[in-house]
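Engineer: So that you have it, the file is my_file.cif, and it contains mmCIF, C-alpha atoms:
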data_my_file
loop_
_atom_site.label_atom_id
_atom_site.label_comp_id
_atom_site.auth_asym_id
_atom_site.auth_seq_id
_atom_site.Cartn_x
_atom_site.Cartn_y
_atom_site.Cartn_z
CA MET A 1 0.00 0.00 0.00
CA ALA A 2 1.30 3.45 -0.89
CA HIS A 3 1.88 5.95 1.88
CA GLN A 4 -0.45 8.90 2.19
CA HIS A 5 0.39 12.51 3.07
CA PHE A 6 -2.01 15.20 4.30
CA ILE A 7 -2.03 18.89 5.08
CA LEU A 8 -4.54 20.03 7.65
CA HIS A 9 -5.55 23.33 9.22
CA LYS A 10 -5.42 22.43 12.92
CA PRO A 11 -8.03 24.50 14.74
CA HIS A 12 -7.49 26.09 18.14
CA GLY A 13 -8.28 23.73 21.01
CA PHE A 14 -7.10 20.47 19.42
CA LEU A 15 -4.01 18.49 20.36
CA SER A 16 -1.64 17.54 17.53
CA LYS A 17 -2.19 13.88 18.43
CA PHE A 18 -4.42 10.93 17.68
CA ILE A 19 -4.00 9.26 21.10
CA TYR A 20 -4.06 10.98 24.49
CA GLU A 21 -3.40 8.70 27.45
CA LYS A 22 -4.10 11.05 30.34
CA LYS A 23 -7.49 11.16 32.00
CA ARG A 24 -8.49 14.68 30.94
CA ASN A 25 -10.82 14.98 27.95
CA LYS A 26 -8.98 16.58 25.04
CA ARG A 27 -9.93 17.11 21.42
CA LEU A 28 -7.78 15.04 19.05
CA LEU A 29 -7.05 15.17 15.31
CA GLY A 30 -8.99 11.97 14.65
CA GLU A 31 -12.19 13.91 15.39
CA LEU A 32 -11.60 16.12 12.35
CA TYR A 33 -11.34 13.47 9.64
CA SER A 34 -11.14 9.70 9.26
CA PHE A 35 -7.39 9.32 8.72
CA PRO A 36 -5.91 5.93 7.78
CA GLU A 37 -4.42 3.79 10.52
CA GLY A 38 -0.81 4.71 11.22
CA THR A 39 -1.18 8.40 10.38
CA MET A 40 1.23 10.58 12.35
CA THR A 41 1.90 14.29 12.59
CA ILE A 42 5.08 15.81 11.23
CA GLY A 43 5.90 18.21 14.05
CA ARG A 44 3.20 19.67 16.22
CA LEU A 45 1.27 22.78 17.15
CA ASP A 46 0.29 23.68 20.70
CA GLU A 47 -3.30 23.12 21.79
CA ASP A 48 -3.84 26.87 22.03
CA SER A 49 -2.57 27.56 18.50
CA GLU A 50 -3.91 26.90 15.03
CA GLY A 51 -2.32 26.55 11.63
CA LEU A 52 -0.96 24.25 8.96
CA LEU A 53 -0.02 20.78 10.12
CA MET A 54 1.46 18.06 7.94
CA LEU A 55 0.57 14.41 8.48
CA THR A 56 1.82 11.21 6.90
CA THR A 57 1.65 7.44 7.10
CA ASP A 58 5.37 7.32 6.18
CA GLY A 59 7.66 7.40 9.23
CA MET A 60 10.76 7.94 7.06
CA MET A 61 9.17 11.04 5.50
CA SER A 62 8.37 12.37 8.97
CA GLU A 63 12.00 11.89 10.05
CA MET A 64 13.32 13.60 6.90
CA VAL A 65 11.12 16.69 7.34
CA ARG A 66 11.84 17.00 11.07
CA ALA A 67 15.61 16.68 10.57
CA LYS A 68 17.79 19.60 11.63
CA SER A 69 19.15 19.82 8.08
CA VAL A 70 15.72 21.00 6.84
CA GLU A 71 15.29 24.74 7.36
CA LYS A 72 12.02 25.71 9.01
CA GLU A 73 10.46 29.11 9.48
CA TYR A 74 7.70 29.90 11.95
CA TYR A 75 5.42 32.92 12.23
CA ALA A 76 3.65 33.77 15.45
#
Please go through the file and, once you have read it, give me the structure as structure tokens.
Structural biologist:
Amino acid sequence: MAHQHFILHKPHGFLSKFIYEKKRNKRLLGELYSFPEGTMTIGRLDEDSEGLLMLTTDGMMSEMVRAKSVEKEYYA
């Protein structure tokens, strides 16, 4: 099966996660869309922020993008 890649506008109030193991109720990315099993975020955004978030089912792609050799620029 081919890997899938997604871009998503993460709304304010959601965690950049699909699983949250603490007891508090939190809103998770899986509530926004039915992503395939094994989907992971590439990086993260804080719960209190919103913006573009990249997701993938390819762990190697995630590692490549998050590597220190890839220049990143953030606006706040």
Engineer: Applied to the shown file, which residues does the PyMOL selection byres ((chain A and resi 17) around 10) return, written as a PyMOL selection string?
Structural biologist: chain A and resi 14-16+18-20+26-30+39-41+44-45+47
Engineer: Would you kindly identify which residues have an atom no farther than 9 Å from (9.0, 14.7, 11.8), using only C-alpha atoms and the file's own coordinates, and write them out as number ranges by chain?
Structural biologist: A: 40-44, 59-67
Engineer: At what distance in Å, to one decimal, does atom CA of A:Glu31 lie from atom CA of A:Met1?
Structural biologist: 24.1 Å
Engineer: Rounded to one decimal in Å, what is the spacing between atom CA of A:Lys10 and atom CA of A:Asp48?
Structural biologist: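 Atom-to-atom, atom CA of A:Lys10 to atom CA of A:Asp48, that is 10.3 Å.
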Engineer: With 5 Å of padding per side, what axis-aligned box (centre and edge lengths, Å, one decimal) covers all the listed atoms of stretch 18-29 of chain A? Give it as AutoDock Vina command-line options.
Structural biologist:
--center_x -7.1 --center_y 12.9 --center_z 23.7 --size_x 17.4 --size_y 18.4 --size_z 26.7
Engineer: Counting only C-alpha atoms, which of A:Glu50, A:Glu71, A:Glu37, A:Glu21 gets nearest to A:Leu8?
Structural biologist: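 Residue with the minimum atom-to-atom distance to A:Leu8: A:Glu50.
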Engineer: For the structure shown, which residues end up in the PyMOL selection byres ((chain A and resi 76) around 10)? Put them as a list in words, please?
Structural biologist: Ser49, Tyr74 and Tyr75 of chain A
Engineer: Write out the residues from the selection above, keeping C-alpha atoms, as a PDB file, in the coordinates of the input.
Structural biologist:
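Here's the written file result-v8.pdb:
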ATOM      1  CA  SER A  49      -2.570  27.560  18.500  1.00  0.00           C
ATOM      2  CA  TYR A  74       7.700  29.900  11.950  1.00  0.00           C
ATOM      3  CA  TYR A  75       5.420  32.920  12.230  1.00  0.00           C
TER       4      TYR A  75
END
Engineer: I'd like the contact shell of A:Thr57 - 6 Å cut-off, all atoms listed in the file, skipping same-chain residues fewer than 2 positions apart - returned as a list of chain:residue names.
Structural biologist: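 Residues meeting the cut-off are A:His3, A:Gln4, A:Gly38, A:Thr39.
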Engineer: What's the separation between atom CA of A:Lys72 and atom CA of A:Ile7, in Å to one decimal place?
Structural biologist: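 Spanning atom CA of A:Lys72 to atom CA of A:Ile7 is a straight-line distance of 16.1 Å.
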